$ cat protein_37.cif   # mmCIF, C-alpha atoms and all ligand atoms
data_query
loop_
_atom_site.label_atom_id
_atom_site.label_comp_id
_atom_site.auth_asym_id
_atom_site.auth_seq_id
_atom_site.Cartn_x
_atom_site.Cartn_y
_atom_site.Cartn_z
CA MET W 1 -25.57 17.49 -17.58
CA THR W 2 -24.63 17.79 -21.20
CA GLU W 3 -22.22 14.95 -21.72
CA PRO W 4 -23.06 12.08 -24.04
CA ASN W 5 -22.70 9.13 -21.71
CA GLU W 6 -26.33 8.40 -20.96
CA PRO W 7 -27.65 4.92 -21.70
CA PRO W 8 -30.66 4.79 -24.03
CA SER W 9 -33.92 5.13 -22.14
CA GLY W 10 -35.40 1.81 -21.07
CA THR W 11 -31.94 0.33 -20.50
CA ALA W 12 -30.74 -0.09 -16.93
CA PRO W 13 -27.34 1.55 -16.42
CA GLU W 14 -24.51 -1.01 -16.35
CA GLY W 15 -22.87 -2.15 -13.16
CA ILE W 16 -25.52 -1.11 -10.65
CA THR W 17 -28.52 -2.74 -8.99
CA ILE W 18 -31.57 -0.53 -9.02
CA LEU W 19 -33.17 -0.43 -5.57
CA GLY W 20 -35.74 2.29 -6.21
CA THR W 21 -37.78 0.21 -8.62
CA ALA W 22 -40.88 2.44 -8.25
CA GLN W 23 -38.64 5.45 -8.97
CA TRP W 24 -37.12 3.63 -11.93
CA SER W 25 -40.48 2.82 -13.53
CA ALA W 26 -41.76 6.33 -12.85
CA TRP W 27 -38.62 7.59 -14.61
CA GLN W 28 -39.38 5.43 -17.66
CA GLU W 29 -42.99 6.60 -17.72
CA ARG W 30 -42.00 10.24 -17.16
CA LEU W 31 -44.07 10.46 -13.99
CA LEU W 32 -43.25 11.80 -10.57
CA PRO W 33 -42.32 8.80 -8.37
CA PRO W 34 -44.21 8.23 -5.10
CA VAL W 35 -43.12 9.36 -1.65
CA GLU W 36 -41.44 6.26 -0.22
CA LYS W 37 -40.60 5.03 3.23
CA ILE W 38 -37.16 3.51 2.77
CA GLY W 39 -36.95 2.11 6.28
CA GLY W 40 -34.90 3.10 9.31
CA GLY W 41 -37.00 6.26 9.68
CA ILE W 42 -36.03 7.62 6.26
CA TRP W 43 -38.38 8.85 3.54
CA SER W 44 -37.65 9.95 -0.01
CA VAL W 45 -39.80 12.79 -1.32
CA PRO W 46 -39.70 13.78 -5.00
CA VAL W 47 -39.89 17.58 -5.31
CA PRO W 48 -40.58 18.73 -8.89
CA ILE W 49 -38.16 20.98 -10.81
CA PRO W 50 -40.27 22.98 -13.26
CA HIS W 51 -39.25 22.87 -16.95
CA ASN W 52 -36.20 20.70 -16.38
CA PRO W 53 -35.44 17.29 -17.93
CA LEU W 54 -34.30 16.06 -14.50
CA ARG W 55 -37.95 16.51 -13.46
CA TYR W 56 -37.47 16.18 -9.68
CA THR W 57 -35.07 16.31 -6.76
CA LEU W 58 -35.19 13.47 -4.26
CA CYS W 59 -35.43 15.18 -0.90
CA TYR W 60 -34.82 12.92 2.12
CA LEU W 61 -36.47 13.11 5.54
CA LEU W 62 -34.65 11.43 8.43
CA THR W 63 -36.04 11.05 11.94
CA SER W 64 -33.96 11.71 15.07
CA ASP W 65 -34.61 12.22 18.78
CA ASP W 66 -34.54 15.97 18.13
CA GLY W 67 -36.97 15.91 15.22
CA LEU W 68 -36.66 15.59 11.46
CA LEU W 69 -33.66 16.36 9.29
CA VAL W 70 -34.52 17.44 5.74
CA VAL W 71 -31.74 16.88 3.19
CA ASP W 72 -32.08 18.99 0.00
CA PRO W 73 -35.59 20.49 0.25
CA GLY W 74 -35.69 21.13 -3.52
CA TRP W 75 -36.60 23.85 -6.01
CA ASN W 76 -38.48 26.88 -4.74
CA SER W 77 -41.84 26.86 -6.54
CA PRO W 78 -45.48 26.51 -5.41
CA GLU W 79 -45.55 22.90 -6.72
CA GLY W 80 -42.28 22.16 -4.96
CA TRP W 81 -43.55 23.49 -1.65
CA GLU W 82 -46.74 21.46 -2.01
CA ALA W 83 -44.80 18.28 -2.80
CA LEU W 84 -42.62 18.82 0.25
CA GLN W 85 -45.68 19.32 2.48
CA ALA W 86 -47.21 16.14 1.06
CA GLY W 87 -43.99 14.28 1.86
CA LEU W 88 -43.97 15.58 5.42
CA ALA W 89 -47.61 14.54 5.86
CA GLU W 90 -46.78 11.05 4.59
CA ALA W 91 -44.09 10.87 7.30
CA GLY W 92 -46.70 11.99 9.86
CA ALA W 93 -45.00 15.37 10.32
CA THR W 94 -45.42 19.07 9.66
CA ALA W 95 -42.87 21.87 9.28
CA ALA W 96 -42.95 22.30 13.08
CA ASP W 97 -41.33 18.86 13.49
CA ILE W 98 -38.24 19.83 11.47
CA HIS W 99 -35.08 20.31 13.52
CA GLY W 100 -32.48 20.72 10.79
CA ILE W 101 -32.02 21.22 7.06
CA LEU W 102 -28.90 20.06 5.24
CA ALA W 103 -27.92 21.19 1.75
CA THR W 104 -25.56 18.81 -0.08
CA HIS W 105 -24.79 21.89 -2.21
CA VAL W 106 -26.44 25.20 -3.00
CA HIS W 107 -27.76 24.63 -6.52
CA PRO W 108 -31.35 25.88 -6.63
CA ASP W 109 -32.80 22.40 -7.21
CA HIS W 110 -31.39 21.41 -3.78
CA HIS W 111 -31.16 24.52 -1.63
CA GLY W 112 -33.97 26.56 -3.23
CA LEU W 113 -36.62 25.83 -0.59
CA SER W 114 -34.31 25.94 2.44
CA ALA W 115 -35.02 29.61 3.26
CA ARG W 116 -38.79 29.16 3.26
CA LEU W 117 -38.56 25.93 5.22
CA ARG W 118 -36.35 27.55 7.87
CA GLU W 119 -38.81 30.41 8.17
CA GLU W 120 -41.73 28.01 8.73
CA SER W 121 -39.93 25.65 11.09
CA GLY W 122 -37.18 27.55 12.87
CA ALA W 123 -34.78 24.74 11.93
CA TRP W 124 -31.07 25.35 11.37
CA ILE W 125 -29.46 25.00 7.93
CA ALA W 126 -26.17 23.11 7.53
CA MET W 127 -23.65 22.96 4.70
CA HIS W 128 -19.90 22.80 4.05
CA PRO W 129 -18.03 26.13 4.48
CA ALA W 130 -16.64 25.99 0.92
CA GLU W 131 -20.21 25.75 -0.32
CA ARG W 132 -21.35 28.72 1.75
CA ASP W 133 -18.61 30.75 0.09
CA THR W 134 -20.22 30.16 -3.32
CA LEU W 135 -23.66 31.50 -2.35
CA PRO W 136 -24.77 34.14 -4.86
CA GLN W 137 -24.90 36.86 -2.22
CA ARG W 138 -21.28 36.10 -1.24
CA THR W 139 -19.72 36.04 -4.65
CA THR W 140 -19.87 37.58 -8.07
CA ARG W 141 -18.79 34.31 -9.58
CA ILE W 142 -21.51 32.65 -11.60
CA ALA W 143 -24.16 35.18 -10.81
CA GLY W 144 -21.68 37.88 -11.72
CA SER W 145 -22.41 40.84 -13.85
CA HIS W 146 -23.25 40.60 -17.50
CA ARG W 147 -19.92 42.23 -18.23
CA THR W 148 -17.87 39.69 -16.27
CA ILE W 149 -19.37 36.73 -18.06
CA THR W 150 -19.28 38.32 -21.49
CA ALA W 151 -15.62 39.20 -20.97
CA TRP W 152 -14.89 35.65 -19.80
CA LEU W 153 -16.54 34.21 -22.93
CA ARG W 154 -14.66 36.56 -25.27
CA HIS W 155 -11.43 35.79 -23.51
CA ARG W 156 -11.98 32.09 -24.28
CA GLY W 157 -12.57 32.82 -27.96
CA ALA W 158 -16.36 33.23 -28.26
CA SER W 159 -17.53 35.70 -30.91
CA ASP W 160 -18.96 39.03 -29.72
CA GLU W 161 -22.40 37.86 -30.71
CA ASP W 162 -22.18 34.58 -28.75
CA ALA W 163 -20.61 36.32 -25.77
CA GLU W 164 -23.42 38.91 -25.64
CA ALA W 165 -26.14 36.29 -26.00
CA LEU W 166 -24.80 34.01 -23.28
CA GLY W 167 -23.56 36.71 -20.92
CA GLY W 168 -26.94 38.37 -20.62
CA PRO W 169 -29.49 36.69 -18.40
CA LEU W 170 -27.02 35.55 -15.75
CA ASP W 171 -27.31 38.89 -14.00
CA ALA W 172 -27.01 38.72 -10.26
CA ARG W 173 -30.58 38.47 -9.02
CA THR W 174 -32.10 35.69 -11.05
CA PRO W 175 -35.29 34.34 -9.45
CA GLU W 176 -33.45 31.08 -8.64
CA SER W 177 -30.62 32.75 -6.78
CA ALA W 178 -32.69 35.33 -4.90
CA GLY W 179 -33.22 34.52 -1.27
CA MET W 180 -30.71 31.66 -1.05
CA ALA W 181 -30.27 30.98 2.65
CA ASP W 182 -26.99 31.37 4.50
CA PRO W 183 -26.15 28.43 6.79
CA ASP W 184 -26.39 28.35 10.58
CA VAL W 185 -24.24 25.22 10.98
CA LEU W 186 -21.02 24.46 9.10
CA LEU W 187 -20.02 20.85 8.52
CA GLU W 188 -16.43 19.97 7.74
CA ASP W 189 -15.37 16.63 6.35
CA GLY W 190 -15.99 13.88 8.92
CA ASP W 191 -18.19 16.03 11.17
CA LEU W 192 -21.28 14.44 12.66
CA VAL W 193 -24.57 16.18 11.92
CA PRO W 194 -25.69 17.59 15.32
CA LEU W 195 -28.70 15.34 15.98
CA ARG W 196 -29.39 13.03 18.92
CA GLY W 197 -30.28 9.45 18.19
CA ARG W 198 -28.99 9.32 14.61
CA THR W 199 -25.38 9.06 13.43
CA LEU W 200 -24.89 10.99 10.20
CA ARG W 201 -21.40 11.80 8.99
CA ALA W 202 -20.52 14.54 6.49
CA VAL W 203 -18.34 13.28 3.64
CA TRP W 204 -16.82 16.18 1.70
CA THR W 205 -16.90 15.40 -2.03
CA PRO W 206 -15.79 18.49 -4.00
CA GLY W 207 -15.95 18.43 -7.80
CA HIS W 208 -19.49 19.14 -8.93
CA THR W 209 -19.30 22.12 -6.55
CA PRO W 210 -16.46 23.17 -4.20
CA GLY W 211 -18.31 22.28 -0.99
CA HIS W 212 -20.45 19.35 -2.07
CA LEU W 213 -21.30 16.99 0.79
CA CYS W 214 -22.42 13.39 0.76
CA VAL W 215 -24.02 12.18 4.00
CA GLN W 216 -23.31 8.76 5.47
CA ALA W 217 -26.06 7.20 7.60
CA VAL W 218 -23.59 5.12 9.56
CA ASP W 219 -25.87 2.55 11.24
CA GLU W 220 -28.09 2.04 8.20
CA ARG W 221 -25.12 1.78 5.80
CA LEU W 222 -26.57 4.33 3.41
CA LEU W 223 -24.84 7.13 1.53
CA LEU W 224 -26.85 10.16 0.44
CA THR W 225 -24.88 11.12 -2.66
CA GLY W 226 -26.47 14.45 -3.67
CA ASP W 227 -25.42 15.19 -7.26
CA HIS W 228 -21.93 13.75 -6.81
CA VAL W 229 -22.88 10.22 -7.94
CA LEU W 230 -26.08 9.62 -9.88
CA PRO W 231 -27.06 6.27 -11.42
CA ARG W 232 -27.42 7.38 -15.04
CA ILE W 233 -25.92 10.79 -15.75
CA THR W 234 -22.65 12.62 -15.07
CA PRO W 235 -22.84 15.76 -12.97
CA ASN W 236 -21.41 18.92 -14.50
CA VAL W 237 -17.81 19.44 -13.36
CA GLY W 238 -16.92 22.91 -14.60
CA LEU W 239 -14.64 25.87 -14.06
CA TYR W 240 -16.90 28.92 -14.20
CA PRO W 241 -16.03 32.62 -14.57
CA GLY W 242 -13.81 33.59 -11.66
CA GLY W 243 -13.66 29.97 -10.52
CA THR W 244 -10.51 28.72 -8.89
CA GLY W 245 -9.20 25.39 -7.71
CA THR W 246 -8.99 22.08 -9.51
CA PRO W 247 -12.56 20.79 -9.85
CA LEU W 248 -11.78 17.80 -12.09
CA ALA W 249 -8.88 16.52 -9.96
CA ASP W 250 -11.13 17.03 -6.92
CA PHE W 251 -13.92 15.11 -8.60
CA PHE W 252 -11.58 12.18 -9.35
CA SER W 253 -10.46 12.00 -5.70
CA SER W 254 -14.05 12.35 -4.48
CA LEU W 255 -15.09 9.47 -6.76
CA GLU W 256 -12.33 7.29 -5.41
CA ARG W 257 -13.41 8.06 -1.92
CA THR W 258 -17.10 7.39 -2.53
CA GLY W 259 -16.22 4.14 -4.30
CA GLU W 260 -15.18 2.83 -0.90
CA PHE W 261 -18.84 2.89 0.16
CA ASP W 262 -19.57 -0.05 -2.13
CA ASP W 263 -21.38 -1.91 0.67
CA HIS W 264 -23.69 1.07 1.22
CA ASP W 265 -26.93 1.74 -0.63
CA ALA W 266 -26.77 4.96 -2.62
CA LEU W 267 -29.52 7.53 -2.12
CA PRO W 268 -28.96 10.09 -4.89
CA ALA W 269 -30.69 13.45 -5.27
CA HIS W 270 -32.06 12.60 -8.73
CA GLU W 271 -33.32 9.56 -10.64
CA TYR W 272 -33.41 6.44 -8.38
CA ARG W 273 -31.80 4.57 -5.48
CA PHE W 274 -29.19 1.99 -6.33
CA ARG W 275 -26.42 -0.22 -5.06
CA GLY W 276 -22.98 -0.47 -6.65
CA LEU W 277 -21.06 2.68 -5.74
CA GLY W 278 -17.73 0.95 -6.48
CA GLN W 279 -18.64 0.21 -10.07
CA ARG W 280 -20.58 3.42 -10.67
CA THR W 281 -17.73 5.65 -9.48
CA ARG W 282 -15.28 3.71 -11.69
CA ILE W 283 -17.53 4.24 -14.71
CA LEU W 284 -17.74 7.98 -13.99
CA ALA W 285 -13.96 8.25 -13.64
CA GLU W 286 -13.42 6.32 -16.89
CA HIS W 287 -15.90 8.61 -18.61
CA HIS W 288 -13.84 11.67 -17.66
CA GLU W 289 -10.57 9.94 -18.65
CA ARG W 290 -12.08 9.27 -22.08
CA ARG W 291 -13.30 12.83 -22.19
CA CYS W 292 -9.76 14.09 -21.53
CA GLN W 293 -8.45 11.92 -24.37
CA GLU W 294 -11.20 13.18 -26.69
CA LEU W 295 -10.15 16.74 -25.85
CA VAL W 296 -6.46 16.02 -26.54
CA ASP W 297 -7.48 14.49 -29.89
CA VAL W 298 -9.50 17.60 -30.77
CA VAL W 299 -6.49 19.82 -29.98
CA ALA W 300 -4.24 17.57 -32.08
CA ARG W 301 -6.67 17.75 -34.97
CA LEU W 302 -7.28 21.51 -34.85
CA GLY W 303 -3.67 22.49 -34.12
CA ALA W 304 -4.13 25.45 -31.79
CA PRO W 305 -7.81 25.99 -30.94
CA THR W 306 -9.32 28.38 -28.42
CA PRO W 307 -11.31 26.77 -25.56
CA TRP W 308 -14.49 27.87 -27.34
CA GLU W 309 -13.43 26.03 -30.52
CA ILE W 310 -12.60 22.93 -28.48
CA ALA W 311 -16.04 22.99 -26.87
CA GLN W 312 -17.61 23.27 -30.32
CA HIS W 313 -15.78 20.15 -31.50
CA LEU W 314 -16.37 17.93 -28.46
CA SER W 315 -19.38 15.63 -28.51
CA TRP W 316 -22.35 16.65 -26.39
CA SER W 317 -25.69 15.01 -25.72
CA ARG W 318 -27.17 17.29 -28.39
CA PRO W 319 -25.55 19.10 -31.33
CA TRP W 320 -23.67 22.28 -30.40
CA SER W 321 -26.04 24.35 -32.55
CA GLU W 322 -28.99 23.18 -30.42
CA ILE W 323 -27.69 23.46 -26.88
CA GLY W 324 -28.35 27.20 -26.58
CA ARG W 325 -27.65 28.51 -23.10
CA MET W 326 -26.09 25.21 -22.07
CA ARG W 327 -23.04 26.35 -24.05
CA LEU W 328 -21.96 28.16 -20.92
CA SER W 329 -21.87 24.98 -18.85
CA ALA W 330 -20.31 23.15 -21.84
CA LEU W 331 -17.54 25.76 -21.98
CA SER W 332 -16.99 25.59 -18.21
CA GLU W 333 -16.80 21.80 -18.46
CA THR W 334 -14.29 22.13 -21.32
CA GLU W 335 -12.28 24.57 -19.23
CA SER W 336 -12.07 22.24 -16.22
CA HIS W 337 -10.71 19.51 -18.51
CA VAL W 338 -8.22 21.83 -20.25
CA ASP W 339 -7.04 23.03 -16.84
CA HIS W 340 -6.59 19.45 -15.67
CA LEU W 341 -4.65 18.46 -18.80
CA VAL W 342 -2.41 21.55 -18.50
CA ARG W 343 -1.62 20.61 -14.90
CA GLN W 344 -0.83 17.09 -16.07
CA GLY W 345 1.57 18.52 -18.65
CA ARG W 346 -0.38 17.15 -21.62
CA LEU W 347 -1.51 20.56 -22.94
CA THR W 348 -0.33 24.15 -22.72
CA TRP W 349 -2.58 27.18 -22.44
CA ASP W 350 -1.86 30.66 -21.18
CA GLU W 351 -5.11 31.47 -19.44
CA ARG W 352 -3.88 34.98 -18.61
CA THR W 353 -3.84 35.99 -22.26
CA ALA W 354 -7.08 36.80 -24.07
CA GLY W 355 -7.60 34.65 -27.15
CA ALA W 356 -4.79 32.31 -26.05
CA ARG W 357 -4.79 29.02 -27.90
CA VAL W 358 -4.51 25.56 -26.45
CA ARG W 359 -1.65 23.40 -27.76
CA LEU W 360 -0.31 19.94 -27.23
CA ALA W 361 2.60 20.09 -24.82
CA GLY W 362 5.87 19.40 -26.62
CA PRO W 363 8.50 17.12 -25.07
CA ALA W 364 10.35 20.18 -23.75
CA THR W 365 7.30 21.54 -21.94
CA ALA W 366 5.88 18.21 -20.86
CA HIS W 367 6.81 18.75 -17.24
CA THR W 368 6.57 22.51 -17.03
CA GLY W 369 3.30 23.06 -18.82
CA SER W 370 1.35 24.11 -15.75
CA THR W 371 0.21 27.70 -15.64
CA ALA W 372 -0.71 27.45 -11.99
ZN ZN W 401 -26.02 20.30 -8.61
ZN ZN W 402 -29.21 18.55 -8.72
#
$ encode --input "protein_37.cif" --output "structure tokens" --more "lines below"
Ligand SMILES: [Zn+2]
Ligand SMILES: [Zn+2]
Amino acid sequence: MTEPNEPPSGTAPEGITILGTAQWSAWQERLLPPVEKIGGGIWSVPVPIPHNPLRYTLCYLLTSDDGLLVVDPGWNSPEGWEALQAGLAEAGATAADIHGILATHVHPDHHGLSARLREESGAWIAMHPAERDTLPQRTTRIAGSHRTITAWLRHRGASDEDAEALGGPLDARTPESAGMADPDVLLEDGDLVPLRGRTLRAVWTPGHTPGHLCVQAVDERLLLTGDHVLPRITPNVGLYPGGTGTPLADFFSSLERTGEFDDHDALPAHEYRFRGLGQRTRILAEHHERRCQELVDVVARLGAPTPWEIAQHLSWSRPWSEIGRMRLSALSETESHVDHLVRQGRLTWDERTAGARVRLAGPATAHTGSTA
């Protein structure tokens, strides 16, 4: 969430129609929006994220003949739990009425409360298998050891001092990652959520995370977009320590796919409801195309920079010297773009070699520049 493409506050983002007008004005006034009944047996419940500029996650409650489905219960904190209970009460329900929980992805602002909610309700938890594989207890990836992350940073050209400072507090058992629930139900692309009396289809949209799911409410023509498409900001699309795959290329294809839901209302996990998925997904894709060009220009200007140097010279929503720990997500975002441009044959970079420098691909290497 560190890229500089946000419209000034008070300005409606271009190309979309804001449907959540109460959410929009609450956003402007920096308040928590109200619990809202959207219609069709669907409620949106803002669950606060402590000390975070995003301020809240929009959790959704959906009725079915089996009971309630809760999509993205939110951040695990006493205030979060209280907000969720208040939302359930507003929908005339308690934890006992919950039949299932669905995590669009396992970031703590979405999946944090799932474990506690399952304990209280006995409901199952569903997610995409690729997302399950990224759970902290199943991987040493982002929650890897101090040493792994420090080594990764040094390898990309960070100074010893920066690498030590950023590598530190990501140690495995951060409070946010402790107790992240494993799923009971796995949903592949196109699968229907197992609920009677409500047709919900899983739409796999990798990019922001490998197993990110959007959820289509087929009869209501709604798309729950999680963090994949938000009305105002760009989700982080990064390659983290130990990360594999092609997150940026995946994100582009996922955007194209979600753009086809232009006649659906978008129910995002942050900010406010809107309509205009066609236009919004085009704007996000153009943003990343521009970002790729900016990166190529930085490489051309610097000659042969390390990924760390590139990250330092890209524009971010705040100056590099002020973004502190967000440098790690900035570097991972830089890396996903470098990786994409190498695969496209526009840049060369030998990721296997420590301190390797990124270069413009010459005519001779234009079609063989991939290191994959
Ligand atoms: Zn997320
Ligand atoms: Zn989020």
$ closest_atom_pairs --input "protein_37.cif" --of "chain W" --to "ligand ZN 402 (chain W)" --cutoff "10 Å" --atoms "only C-alpha atoms and all ligand atoms" --output "Markdown table"
| residue | atom | partner | partner_atom | distance |
| --- | --- | --- | --- | --- |
| W:Met1 | CA | W:ZN402 | ZN | 9.6 |
| W:Ile49 | CA | W:ZN402 | ZN | 9.5 |
| W:Leu54 | CA | W:ZN402 | ZN | 8.1 |
| W:Tyr56 | CA | W:ZN402 | ZN | 8.6 |
| W:Thr57 | CA | W:ZN402 | ZN | 6.6 |
| W:Leu58 | CA | W:ZN402 | ZN | 9.0 |
| W:Asp72 | CA | W:ZN402 | ZN | 9.2 |
| W:Gly74 | CA | W:ZN402 | ZN | 8.7 |
| W:Trp75 | CA | W:ZN402 | ZN | 9.5 |
| W:Thr104 | CA | W:ZN402 | ZN | 9.4 |
| W:His105 | CA | W:ZN402 | ZN | 8.5 |
| W:Val106 | CA | W:ZN402 | ZN | 9.2 |
| W:His107 | CA | W:ZN402 | ZN | 6.6 |
| W:Pro108 | CA | W:ZN402 | ZN | 7.9 |
| W:Asp109 | CA | W:ZN402 | ZN | 5.5 |
| W:His110 | CA | W:ZN402 | ZN | 6.1 |
| W:His111 | CA | W:ZN402 | ZN | 9.5 |
| W:His208 | CA | W:ZN402 | ZN | 9.7 |
| W:Gly226 | CA | W:ZN402 | ZN | 7.1 |
| W:Asp227 | CA | W:ZN402 | ZN | 5.3 |
| W:His228 | CA | W:ZN402 | ZN | 8.9 |
| W:Leu230 | CA | W:ZN402 | ZN | 9.5 |
| W:Pro235 | CA | W:ZN402 | ZN | 8.2 |
| W:Asn236 | CA | W:ZN402 | ZN | 9.7 |
| W:Pro268 | CA | W:ZN402 | ZN | 9.3 |
| W:Ala269 | CA | W:ZN402 | ZN | 6.3 |
| W:His270 | CA | W:ZN402 | ZN | 6.6 |
$ residues_near_point --input "protein_37.cif" --point "(-4.8, 19.0, -16.8)" --cutoff "10 Å" --atoms "all atoms listed in the file" --output "PyMOL selection string"
chain W and resi 246+248-249+292+335-348+369-370
$ closest_residue --input "protein_37.cif" --among "W:Arg359, W:Arg280, W:Arg291, W:Arg198" --to "W:Thr306" --atoms "all atoms listed in the file"
W:Arg359
$ residues_near_point --input "protein_37.cif" --point "(-17.9, 6.9, -7.9)" --cutoff "12 Å" --atoms "all atoms listed in the file" --output "VMD selection string"
chain W and resid 15 to 16 205 207 214 223 225 227 to 235 251 to 262 266 268 275 to 288
$ write_last_selection --input "protein_37.cif" --atoms "C-alpha atoms" --output "PDB file, in the coordinates of the input"
ATOM      1  CA  GLY W  15     -22.870  -2.150 -13.160  1.00  0.00           C
ATOM      2  CA  ILE W  16     -25.520  -1.110 -10.650  1.00  0.00           C
ATOM      3  CA  THR W 205     -16.900  15.400  -2.030  1.00  0.00           C
ATOM      4  CA  GLY W 207     -15.950  18.430  -7.800  1.00  0.00           C
ATOM      5  CA  CYS W 214     -22.420  13.390   0.760  1.00  0.00           C
ATOM      6  CA  LEU W 223     -24.840   7.130   1.530  1.00  0.00           C
ATOM      7  CA  THR W 225     -24.880  11.120  -2.660  1.00  0.00           C
ATOM      8  CA  ASP W 227     -25.420  15.190  -7.260  1.00  0.00           C
ATOM      9  CA  HIS W 228     -21.930  13.750  -6.810  1.00  0.00           C
ATOM     10  CA  VAL W 229     -22.880  10.220  -7.940  1.00  0.00           C
ATOM     11  CA  LEU W 230     -26.080   9.620  -9.880  1.00  0.00           C
ATOM     12  CA  PRO W 231     -27.060   6.270 -11.420  1.00  0.00           C
ATOM     13  CA  ARG W 232     -27.420   7.380 -15.040  1.00  0.00           C
ATOM     14  CA  ILE W 233     -25.920  10.790 -15.750  1.00  0.00           C
ATOM     15  CA  THR W 234     -22.650  12.620 -15.070  1.00  0.00           C
ATOM     16  CA  PRO W 235     -22.840  15.760 -12.970  1.00  0.00           C
ATOM     17  CA  PHE W 251     -13.920  15.110  -8.600  1.00  0.00           C
ATOM     18  CA  PHE W 252     -11.580  12.180  -9.350  1.00  0.00           C
ATOM     19  CA  SER W 253     -10.460  12.000  -5.700  1.00  0.00           C
ATOM     20  CA  SER W 254     -14.050  12.350  -4.480  1.00  0.00           C
ATOM     21  CA  LEU W 255     -15.090   9.470  -6.760  1.00  0.00           C
ATOM     22  CA  GLU W 256     -12.330   7.290  -5.410  1.00  0.00           C
ATOM     23  CA  ARG W 257     -13.410   8.060  -1.920  1.00  0.00           C
ATOM     24  CA  THR W 258     -17.100   7.390  -2.530  1.00  0.00           C
ATOM     25  CA  GLY W 259     -16.220   4.140  -4.300  1.00  0.00           C
ATOM     26  CA  GLU W 260     -15.180   2.830  -0.900  1.00  0.00           C
ATOM     27  CA  PHE W 261     -18.840   2.890   0.160  1.00  0.00           C
ATOM     28  CA  ASP W 262     -19.570  -0.050  -2.130  1.00  0.00           C
ATOM     29  CA  ALA W 266     -26.770   4.960  -2.620  1.00  0.00           C
ATOM     30  CA  PRO W 268     -28.960  10.090  -4.890  1.00  0.00           C
ATOM     31  CA  ARG W 275     -26.420  -0.220  -5.060  1.00  0.00           C
ATOM     32  CA  GLY W 276     -22.980  -0.470  -6.650  1.00  0.00           C
ATOM     33  CA  LEU W 277     -21.060   2.680  -5.740  1.00  0.00           C
ATOM     34  CA  GLY W 278     -17.730   0.950  -6.480  1.00  0.00           C
ATOM     35  CA  GLN W 279     -18.640   0.210 -10.070  1.00  0.00           C
ATOM     36  CA  ARG W 280     -20.580   3.420 -10.670  1.00  0.00           C
ATOM     37  CA  THR W 281     -17.730   5.650  -9.480  1.00  0.00           C
ATOM     38  CA  ARG W 282     -15.280   3.710 -11.690  1.00  0.00           C
ATOM     39  CA  ILE W 283     -17.530   4.240 -14.710  1.00  0.00           C
ATOM     40  CA  LEU W 284     -17.740   7.980 -13.990  1.00  0.00           C
ATOM     41  CA  ALA W 285     -13.960   8.250 -13.640  1.00  0.00           C
ATOM     42  CA  GLU W 286     -13.420   6.320 -16.890  1.00  0.00           C
ATOM     43  CA  HIS W 287     -15.900   8.610 -18.610  1.00  0.00           C
ATOM     44  CA  HIS W 288     -13.840  11.670 -17.660  1.00  0.00           C
TER      45      HIS W 288
END
$ closest_residue --input "protein_37.cif" --among "W:His212, W:Arg290, W:Arg301, W:Arg132" --to "ligand ZN 401 (chain W)" --atoms "only C-alpha atoms and all ligand atoms"
W:His212
$ closest_residue --input "protein_37.cif" --among "W:Trp27, W:Trp152, W:Trp43, W:Trp81" --to "W:Leu166" --atoms "all atoms listed in the file"
W:Trp152
$ closest_residue --input "protein_37.cif" --among "W:Gln312, W:Thr134, W:Ser44, W:Thr11" --to "W:Glu90" --atoms "only C-alpha atoms"
W:Ser44
$ closest_residue --input "protein_37.cif" --among "W:Ala115, W:Leu187, W:Leu195, W:Leu213" --to "ligand ZN 401 (chain W)" --atoms "all atoms listed in the file"
W:Leu213
$ decode --input "protein_37.cif" --residues "stretch 104-112 of chain W" --atoms "N, CA and C atoms" --output "PDB file, in the first residue's frame"
ATOM      1  N   THR W 104     -10.775 -14.473   2.147  1.00  0.00           N
ATOM      2  CA  THR W 104     -10.338 -14.161   0.777  1.00  0.00           C
ATOM      3  C   THR W 104      -8.836 -14.406   0.667  1.00  0.00           C
ATOM      4  N   HIS W 105      -8.105 -14.106   1.763  1.00  0.00           N
ATOM      5  CA  HIS W 105      -6.683 -14.427   1.869  1.00  0.00           C
ATOM      6  C   HIS W 105      -6.319 -14.337   3.340  1.00  0.00           C
ATOM      7  N   VAL W 106      -5.080 -14.762   3.680  1.00  0.00           N
ATOM      8  CA  VAL W 106      -4.788 -14.969   5.100  1.00  0.00           C
ATOM      9  C   VAL W 106      -4.056 -13.799   5.766  1.00  0.00           C
ATOM     10  N   HIS W 107      -4.051 -12.626   5.158  1.00  0.00           N
ATOM     11  CA  HIS W 107      -3.472 -11.479   5.862  1.00  0.00           C
ATOM     12  C   HIS W 107      -4.241 -11.259   7.167  1.00  0.00           C
ATOM     13  N   PRO W 108      -3.514 -10.814   8.212  1.00  0.00           N
ATOM     14  CA  PRO W 108      -4.159 -10.756   9.532  1.00  0.00           C
ATOM     15  C   PRO W 108      -5.363  -9.798   9.616  1.00  0.00           C
ATOM     16  N   ASP W 109      -5.444  -8.837   8.718  1.00  0.00           N
ATOM     17  CA  ASP W 109      -6.623  -7.949   8.766  1.00  0.00           C
ATOM     18  C   ASP W 109      -7.862  -8.628   8.152  1.00  0.00           C
ATOM     19  N   HIS W 110      -7.700  -9.835   7.620  1.00  0.00           N
ATOM     20  CA  HIS W 110      -8.838 -10.578   7.052  1.00  0.00           C
ATOM     21  C   HIS W 110      -9.113 -11.853   7.844  1.00  0.00           C
ATOM     22  N   HIS W 111      -8.023 -12.604   8.071  1.00  0.00           N
ATOM     23  CA  HIS W 111      -8.137 -13.952   8.618  1.00  0.00           C
ATOM     24  C   HIS W 111      -7.848 -13.984  10.127  1.00  0.00           C
ATOM     25  N   GLY W 112      -7.475 -12.826  10.688  1.00  0.00           N
ATOM     26  CA  GLY W 112      -7.032 -12.780  12.090  1.00  0.00           C
ATOM     27  C   GLY W 112      -8.034 -13.373  13.066  1.00  0.00           C
TER      28      GLY W 112
END
